[in-house]
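*Asks:* Sending over a structure as structure tokens; questions will come in a sec.
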Amino acid sequence: MIARIFLGVVIGGVIGAVLGYFGKCASGVCPLTANPYRGAIYGAVMGALLASAFSPRAKGKAESSNITHITGVSDSNARVLKENRSGLVESLTKDSFLQKVFNYEQNKEWKFEGKLPCIIDFYADRCGPCKMVEPVLQELAQEYQGKLNIYRVDTQAQQELAAAFGIQSIPSMLFVPLNDKPQMAVGALPKNSLKKAIK
């Protein structure tokens with residue numbers, strides 16, 4: 001931020017000095033073109049103001065306040081909501097998958113490691129349909145809390161897991177019952193279809 005403002009001061013000052021040198025201000029009261037010194041001062045001030053206005057931190061604050069204004073959720077509440085959501089739908093790494101779902105390194109036959117049935121959503125951040133499914137999964141995680149676990153696997157970050165289950169299209173969801181073999185469904189399923197599959 002300080003480096004950006006300093007750069008804005010330098011660039012603004014140089015531009016102001018050049019305008020002051022080549023400017024034609026007959027009265028001598030024009031801020032930028034009266035003389036090189038006055039042009040450099042006004043240019044430096046304008047450069048500092050522009051640099052601070054367009055800094056990433058300022059933009060981030062503006063975007064955050066806009067989001068808060070639109071949604072009506074304060075920053076602290078949004079943080080709590082995010083923490084609650086992440087607590088209900090857990091992201092799995094390879095290690096946590098081996099512990100909580102299926103240790104495919106030790107077992108050739110399917111052996112579920114969990115204590116509750118689960119749904120595993122194979123997704124990617126760049127995937128539009130995956131983003132549509134996420135809030136539905138959050139709602140289901142709340143409705144079935146204590147009866148069903150919902151997990152997510154980022155196929156970009158966990159490529160080995162995606163390959164182990166032959167994931168070629170996302171979103172793909174693995175429905176894992178307690179005492180039966182899992183079943184895979186491909187595509188952004190609506191909430192009603194997901195509830196039927198859960199039953």
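Identifiers for the structure tokens are assigned positionally: chains receive A, B, ... in sequence, residues are indexed from 1 per chain, and ligands are indexed from 1 in the order shown.
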Residues near Pro177 (chain A), anyone? I mean within 8 Å using only C-alpha atoms, not counting same-chain ones fewer than 6 positions away, as a list of chain:residue names.
*Replies:*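 The residues satisfying every condition are A:Leu116, A:Pro117, A:Cys118.
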*Asks:* I need the chosen residues saved as a PDB file, in the first residue's frame, with N, CA and C atoms.
*Replies:*
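File again_29.pdb, as written:
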```pdb
ATOM      1  N   LEU A 116     -21.816 -42.980  10.155  1.00  0.00           N
ATOM      2  CA  LEU A 116     -23.077 -42.498   9.606  1.00  0.00           C
ATOM      3  C   LEU A 116     -23.011 -42.585   8.081  1.00  0.00           C
ATOM      4  N   PRO A 117     -24.143 -42.799   7.407  1.00  0.00           N
ATOM      5  CA  PRO A 117     -24.123 -42.744   5.946  1.00  0.00           C
ATOM      6  C   PRO A 117     -23.630 -41.375   5.504  1.00  0.00           C
ATOM      7  N   CYS A 118     -23.139 -41.287   4.289  1.00  0.00           N
ATOM      8  CA  CYS A 118     -22.613 -39.996   3.845  1.00  0.00           C
ATOM      9  C   CYS A 118     -22.829 -39.778   2.349  1.00  0.00           C
TER      10      CYS A 118
END
```
*Asks:* Can you list, as a VMD selection string, every protein, DNA or RNA residue that comes within 8 Å of region 92-94 of chain A when you count only C-alpha atoms, leaving out same-chain residues fewer than 3 positions away?
*Replies:* chain A and resid 97 to 98 151 to 154 158 160 to 161
*Asks:* Pull N, CA, C and O atoms from the residues just selected and write them as an mmCIF file, in the first residue's frame.
*Replies:*
```cif
data_model
loop_
_atom_site.group_PDB
_atom_site.id
_atom_site.type_symbol
_atom_site.label_atom_id
_atom_site.label_comp_id
_atom_site.auth_asym_id
_atom_site.auth_seq_id
_atom_site.Cartn_x
_atom_site.Cartn_y
_atom_site.Cartn_z
ATOM 1 N N PHE A 97 -10.094 -38.777 3.955
ATOM 2 C CA PHE A 97 -10.948 -39.707 3.208
ATOM 3 C C PHE A 97 -10.634 -41.151 3.592
ATOM 4 O O PHE A 97 -11.528 -41.950 3.828
ATOM 5 N N LEU A 98 -9.351 -41.468 3.683
ATOM 6 C CA LEU A 98 -8.949 -42.826 4.059
ATOM 7 C C LEU A 98 -9.441 -43.183 5.454
ATOM 8 O O LEU A 98 -9.802 -44.327 5.726
ATOM 9 N N TYR A 151 -19.747 -34.634 2.811
ATOM 10 C CA TYR A 151 -18.350 -34.273 2.583
ATOM 11 C C TYR A 151 -18.190 -33.686 1.185
ATOM 12 O O TYR A 151 -19.000 -33.941 0.293
ATOM 13 N N ARG A 152 -17.113 -32.930 1.013
ATOM 14 C CA ARG A 152 -16.774 -32.400 -0.308
ATOM 15 C C ARG A 152 -15.320 -32.735 -0.615
ATOM 16 O O ARG A 152 -14.472 -32.704 0.267
ATOM 17 N N VAL A 153 -15.055 -33.050 -1.886
ATOM 18 C CA VAL A 153 -13.686 -33.320 -2.333
ATOM 19 C C VAL A 153 -13.398 -32.405 -3.518
ATOM 20 O O VAL A 153 -14.081 -32.475 -4.541
ATOM 21 N N ASP A 154 -12.402 -31.531 -3.350
ATOM 22 C CA ASP A 154 -11.971 -30.646 -4.433
ATOM 23 C C ASP A 154 -11.131 -31.466 -5.413
ATOM 24 O O ASP A 154 -10.020 -31.882 -5.096
ATOM 25 N N GLN A 158 -7.340 -32.565 -4.920
ATOM 26 C CA GLN A 158 -7.240 -33.985 -4.545
ATOM 27 C C GLN A 158 -7.394 -34.861 -5.799
ATOM 28 O O GLN A 158 -8.338 -35.631 -5.934
ATOM 29 N N GLU A 160 -5.716 -37.394 -6.855
ATOM 30 C CA GLU A 160 -5.607 -38.837 -6.645
ATOM 31 C C GLU A 160 -6.950 -39.437 -6.251
ATOM 32 O O GLU A 160 -7.342 -40.506 -6.744
ATOM 33 N N LEU A 161 -7.688 -38.743 -5.374
ATOM 34 C CA LEU A 161 -9.015 -39.209 -4.975
ATOM 35 C C LEU A 161 -9.965 -39.224 -6.169
ATOM 36 O O LEU A 161 -10.726 -40.173 -6.359
#
```
*Asks:* Using only C-alpha atoms, determine which residues lie at most 12 Å from Ile119 (chain A), disregarding the query and same-chain residues fewer than 2 positions distant; provide the list as a VMD selection string.
*Replies:* chain A and resid 89 to 92 100 to 101 114 116 to 117 121 to 122 137 to 138 140 to 141 144 147 to 153 172 to 178 182 to 185 194 to 195 197 to 198
*Asks:* For the residues selected in the previous step, produce a file with C-alpha atoms as a CSV table (one decimal), in the first residue's frame.
*Replies:*
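To be explicit, this is the file written out as part12.csv:
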```csv
chain,number,residue,atom,x,y,z
A,89,VAL,CA,-20.1,-29.8,5.2
A,90,GLU,CA,-16.5,-31.0,5.7
A,91,SER,CA,-13.9,-30.9,3.0
A,92,LEU,CA,-11.9,-34.1,2.7
A,100,LYS,CA,-13.6,-41.5,7.4
A,101,VAL,CA,-14.8,-43.1,4.2
A,114,GLY,CA,-17.7,-44.1,8.8
A,116,LEU,CA,-23.1,-42.5,9.6
A,117,PRO,CA,-24.1,-42.7,5.9
A,121,ASP,CA,-19.6,-34.2,-3.5
A,122,PHE,CA,-16.7,-34.2,-6.0
A,137,LEU,CA,-25.8,-29.5,0.4
A,138,GLN,CA,-25.5,-27.0,3.2
A,140,LEU,CA,-29.3,-30.9,3.7
A,141,ALA,CA,-26.4,-31.0,6.2
A,144,TYR,CA,-29.9,-34.3,8.5
A,147,LYS,CA,-28.1,-38.7,10.8
A,148,LEU,CA,-25.9,-38.1,7.7
A,149,ASN,CA,-22.5,-36.7,6.9
A,150,ILE,CA,-21.9,-34.6,3.9
A,151,TYR,CA,-18.4,-34.3,2.6
A,152,ARG,CA,-16.8,-32.4,-0.3
A,153,VAL,CA,-13.7,-33.3,-2.3
A,172,SER,CA,-20.4,-36.1,-9.1
A,173,MET,CA,-21.9,-37.4,-5.9
A,174,LEU,CA,-21.1,-40.6,-4.1
A,175,PHE,CA,-23.9,-41.9,-2.0
A,176,VAL,CA,-22.5,-44.1,0.7
A,177,PRO,CA,-24.9,-46.2,2.9
A,178,LEU,CA,-23.8,-47.9,6.1
A,182,PRO,CA,-21.8,-46.9,-2.7
A,183,GLN,CA,-23.5,-45.5,-5.8
A,184,MET,CA,-22.3,-42.6,-7.9
A,185,ALA,CA,-24.6,-39.9,-9.4
A,194,LEU,CA,-31.0,-35.7,-3.3
A,195,LYS,CA,-33.6,-36.3,-0.5
A,197,ALA,CA,-31.5,-40.7,-2.7
A,198,ILE,CA,-30.9,-40.1,1.0
```
*Asks:* Skip region 123-134 of chain A itself and residues of its chain fewer than 4 positions away, then list as a list in words all residues within 6 Å of it, counting only C-alpha atoms.
*Replies:*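 So, after excluding close chain neighbours, the residues are Asp154, Thr155, Ile170, Pro171 and Ala188 of chain A.
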*Asks:* For the atom pair CA of Phe165 (chain A) and CA of Ile120 (chain A), what is the interatomic distance in Å to one decimal place?
*Replies:*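 Separating CA of Phe165 (chain A) from CA of Ile120 (chain A) is a distance of 11.2 Å.
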